[in-house]
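Trainee: Take a look at this one; I'll ask things after.
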Amino acid sequence: MRWLRELVRQARERVVPVLVAAREIVRPAGRRAPEIVVVAGLVVTVLLGLVLVAAARNDAHIDANEGRAVAEVLEGGSRPHTFVRFTADDGAVLTPEKGVFYPRGLQPGQLVRVEYDRTDPELVRVAGRTWSEGLVPVALGLVVLWAVLAPSAWLLARARRRRRDAEARARWQGSPVPPGAGSSDEREDGEPEMAGAGSR
C-alpha cells in the first residue's frame, strides 16, 4: 500500500499545479461567462443562417441553368451526403462528390428525379425541393438553443451580480472608515465639530 500512496502523492504533485494554472487562466473568462454564453449563441445562430443563405444561393444557380435527370441513389452515403448517379444532358454520367441536396427519405437503389446546374453539375437537388426544406429544422434548433442559453446567461449574470454585491458588502463592513467619513462635520483630527463653532 505504501507504493500506492507514493503514486497518489506524485500524481497530486504533478496535477495540482496544472489545475491551479488552468484555474488562473479560466478565471478571467469566468467573470464574463454570461457574455460568452450569449456570444456563443449568436455565433451558432449566424452559422445556421449562413447555411440557409448558402442553400438558397445554390438553388438560385440551379434555377438559372436548370437541367433535369433521373438519378439512382447509391450505397455508402449518409443523410448529409447521400450520393446519386445520373446522366447529364450531354451524356456524361455524373456522381457529385457533395451528394444530392435535400436527400430526406432517399434509400439506396431508389430512382429519383433531380435538378442540377448545367454549368456546375456538382450542384444537384431532389426535384421539387428547395432551401425552404431547412427552415423548420433550423428554426427548431434555434428555439432549443436559446431555450437553453438564455436562462443560462441570465442565471450566470444574476450569480455574478450577487457575488459582486457580497464582495462590496464585505469590503464595506471590513473598512475602518465607513462611507461618508471625513465629511464637513468632522475635523481633520477626527473630533466632531460643533455647529457654529469657530476655528481655533
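Each chain of the C-alpha cells is named A, B, ... in the order shown, its residues numbered from 1; ligands are numbered from 1 in display order.
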I need the residues in stretch 2-163 of chain A that are strand (DSSP E) according to DSSP; give them as a list in words.
Mentor: Glu66, Gly67, Arg68, Ala69, Val70, Ala71, Glu72, Val73, Val84, Arg85, Phe86, Thr87, Val93, Leu94, Leu111, Val112, Arg113, Val114, Glu115, Tyr116, Asp117, Asp120, Pro121, Glu122, Leu123, Val124, Arg125 and Val126 of chain A
Trainee: What's the 10 Å shell around A:Asn58, counting only C-alpha atoms, without same-chain residues fewer than 2 positions away, as a list of chain:residue names?
Mentor: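 My reading of the contact set: A:Leu52, A:Val53, A:Ala54, A:Ala55, A:Ala56, A:Ala60, A:His61, A:Ile62, A:Asp63, A:Ala64, A:Phe101, A:Tyr116, A:Asp117, A:Leu123, A:Val124, A:Arg125, A:Thr130, A:Trp131.
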Trainee: Keeping all heavy atoms for every residue in the selection just given, could you write it to a file as a compact mmCIF listing (two decimals), in the first residue's frame?
Mentor:
```
# COMPACT_ATOMS: atom_id res chain seq x y z
N LEU A 52 -28.52 28.43 -44.47
CA LEU A 52 -29.71 28.67 -45.29
C LEU A 52 -29.39 29.59 -46.47
O LEU A 52 -29.89 29.37 -47.59
CB LEU A 52 -30.81 29.29 -44.43
CG LEU A 52 -31.45 28.38 -43.38
CD1 LEU A 52 -32.50 29.14 -42.58
CD2 LEU A 52 -32.07 27.14 -44.03
N VAL A 53 -28.56 30.59 -46.23
CA VAL A 53 -28.19 31.50 -47.32
C VAL A 53 -27.43 30.75 -48.41
O VAL A 53 -27.69 30.93 -49.61
CB VAL A 53 -27.33 32.67 -46.78
CG1 VAL A 53 -26.74 33.48 -47.92
CG2 VAL A 53 -28.18 33.57 -45.88
N ALA A 54 -26.51 29.86 -48.00
CA ALA A 54 -25.75 29.08 -48.99
C ALA A 54 -26.68 28.16 -49.78
O ALA A 54 -26.52 28.00 -51.01
CB ALA A 54 -24.67 28.27 -48.28
N ALA A 55 -27.65 27.55 -49.09
CA ALA A 55 -28.59 26.68 -49.79
C ALA A 55 -29.43 27.47 -50.79
O ALA A 55 -29.67 27.01 -51.92
CB ALA A 55 -29.49 25.97 -48.78
N ALA A 56 -29.87 28.66 -50.39
CA ALA A 56 -30.66 29.50 -51.30
C ALA A 56 -29.81 29.92 -52.50
O ALA A 56 -30.31 29.98 -53.65
CB ALA A 56 -31.18 30.73 -50.55
N ALA A 60 -30.49 29.10 -56.46
CA ALA A 60 -30.55 30.14 -57.48
C ALA A 60 -29.68 29.76 -58.68
O ALA A 60 -30.08 29.98 -59.84
CB ALA A 60 -30.10 31.47 -56.90
N HIS A 61 -28.50 29.18 -58.43
CA HIS A 61 -27.64 28.74 -59.53
C HIS A 61 -28.31 27.62 -60.33
O HIS A 61 -28.25 27.61 -61.57
CB HIS A 61 -26.30 28.24 -58.98
CG HIS A 61 -25.39 29.34 -58.54
ND1 HIS A 61 -24.95 30.34 -59.38
CD2 HIS A 61 -24.84 29.62 -57.33
CE1 HIS A 61 -24.16 31.17 -58.72
NE2 HIS A 61 -24.08 30.76 -57.46
N ILE A 62 -28.94 26.69 -59.62
CA ILE A 62 -29.63 25.59 -60.32
C ILE A 62 -30.78 26.14 -61.15
O ILE A 62 -30.97 25.75 -62.32
CB ILE A 62 -30.12 24.54 -59.31
CG1 ILE A 62 -28.92 23.83 -58.66
CG2 ILE A 62 -31.02 23.52 -60.00
CD1 ILE A 62 -29.30 22.90 -57.52
N ASP A 63 -31.57 27.05 -60.58
CA ASP A 63 -32.71 27.61 -61.31
C ASP A 63 -32.27 28.37 -62.56
O ASP A 63 -32.97 28.40 -63.57
CB ASP A 63 -33.50 28.54 -60.39
CG ASP A 63 -34.22 27.78 -59.28
OD1 ASP A 63 -34.45 26.57 -59.45
OD2 ASP A 63 -34.51 28.40 -58.23
N ALA A 64 -31.08 29.00 -62.48
CA ALA A 64 -30.62 29.81 -63.62
C ALA A 64 -30.15 28.94 -64.79
O ALA A 64 -30.21 29.38 -65.94
CB ALA A 64 -29.49 30.73 -63.17
N PHE A 101 -28.59 17.51 -52.73
CA PHE A 101 -29.19 18.36 -51.70
C PHE A 101 -30.59 17.87 -51.35
O PHE A 101 -31.31 17.35 -52.20
CB PHE A 101 -29.28 19.82 -52.18
CG PHE A 101 -27.95 20.42 -52.54
CD1 PHE A 101 -27.85 21.35 -53.56
CD2 PHE A 101 -26.80 20.08 -51.85
CE1 PHE A 101 -26.64 21.92 -53.90
CE2 PHE A 101 -25.58 20.65 -52.16
CZ PHE A 101 -25.50 21.57 -53.19
N TYR A 116 -30.26 19.86 -61.66
CA TYR A 116 -28.86 20.21 -61.46
C TYR A 116 -28.50 21.45 -62.26
O TYR A 116 -29.22 21.86 -63.17
CB TYR A 116 -27.96 19.03 -61.84
CG TYR A 116 -28.00 18.66 -63.31
CD1 TYR A 116 -27.05 19.17 -64.21
CD2 TYR A 116 -28.98 17.80 -63.81
CE1 TYR A 116 -27.11 18.84 -65.55
CE2 TYR A 116 -29.03 17.47 -65.14
CZ TYR A 116 -28.09 18.00 -66.02
OH TYR A 116 -28.15 17.68 -67.35
N ASP A 117 -27.35 22.02 -61.92
CA ASP A 117 -26.84 23.19 -62.62
C ASP A 117 -26.01 22.71 -63.81
O ASP A 117 -24.99 22.02 -63.62
CB ASP A 117 -25.99 24.03 -61.64
CG ASP A 117 -25.44 25.28 -62.28
OD1 ASP A 117 -25.67 25.51 -63.48
OD2 ASP A 117 -24.76 26.05 -61.57
N LEU A 123 -23.76 20.80 -58.30
CA LEU A 123 -24.95 21.34 -57.63
C LEU A 123 -26.17 20.58 -58.13
O LEU A 123 -26.65 20.83 -59.25
CB LEU A 123 -25.10 22.84 -57.89
CG LEU A 123 -23.93 23.72 -57.46
CD1 LEU A 123 -24.21 25.18 -57.80
CD2 LEU A 123 -23.66 23.57 -55.97
N VAL A 124 -26.65 19.65 -57.35
CA VAL A 124 -27.80 18.83 -57.76
C VAL A 124 -28.72 18.65 -56.55
O VAL A 124 -28.25 18.45 -55.43
CB VAL A 124 -27.33 17.46 -58.32
CG1 VAL A 124 -26.45 16.73 -57.33
CG2 VAL A 124 -28.52 16.60 -58.72
N ARG A 125 -30.02 18.74 -56.79
CA ARG A 125 -31.01 18.62 -55.71
C ARG A 125 -32.11 17.69 -56.14
O ARG A 125 -32.33 17.46 -57.35
CB ARG A 125 -31.58 19.99 -55.38
CG ARG A 125 -32.46 20.56 -56.47
CD ARG A 125 -32.88 21.99 -56.24
NE ARG A 125 -33.68 22.49 -57.35
CZ ARG A 125 -33.93 23.78 -57.56
NH1 ARG A 125 -33.45 24.70 -56.73
NH2 ARG A 125 -34.67 24.15 -58.59
N THR A 130 -36.43 22.68 -52.18
CA THR A 130 -35.62 23.89 -52.17
C THR A 130 -35.07 24.14 -50.77
O THR A 130 -35.30 23.35 -49.85
CB THR A 130 -36.46 25.12 -52.60
OG1 THR A 130 -37.49 25.34 -51.62
CG2 THR A 130 -37.10 24.89 -53.97
N TRP A 131 -34.36 25.26 -50.64
CA TRP A 131 -33.73 25.63 -49.37
C TRP A 131 -34.74 25.73 -48.24
O TRP A 131 -34.38 25.59 -47.06
CB TRP A 131 -32.98 26.94 -49.51
CG TRP A 131 -33.87 28.12 -49.76
CD1 TRP A 131 -34.32 28.58 -50.95
CD2 TRP A 131 -34.43 28.98 -48.77
NE1 TRP A 131 -35.14 29.67 -50.79
CE2 TRP A 131 -35.21 29.94 -49.44
CE3 TRP A 131 -34.35 29.04 -47.38
CZ2 TRP A 131 -35.91 30.94 -48.78
CZ3 TRP A 131 -35.04 30.04 -46.71
CH2 TRP A 131 -35.81 30.99 -47.41
```
Trainee: Atom CA of A:Pro121 to atom CA of A:Glu66: how many Å, to one decimal?
Mentor: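 Computing the Euclidean distance for atom CA of A:Pro121 and atom CA of A:Glu66 yields 9.8 Å.
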Trainee: Return the single residue from A:Gly49, A:Leu42, A:Leu111, A:Pro96 that is closest to A:Val73, with distances computed using only C-alpha atoms.
Mentor: A:Leu111
Trainee: Atom CA of A:Leu155 and atom CA of A:Pro137 are how many Å apart?
Mentor: 27.5 Å
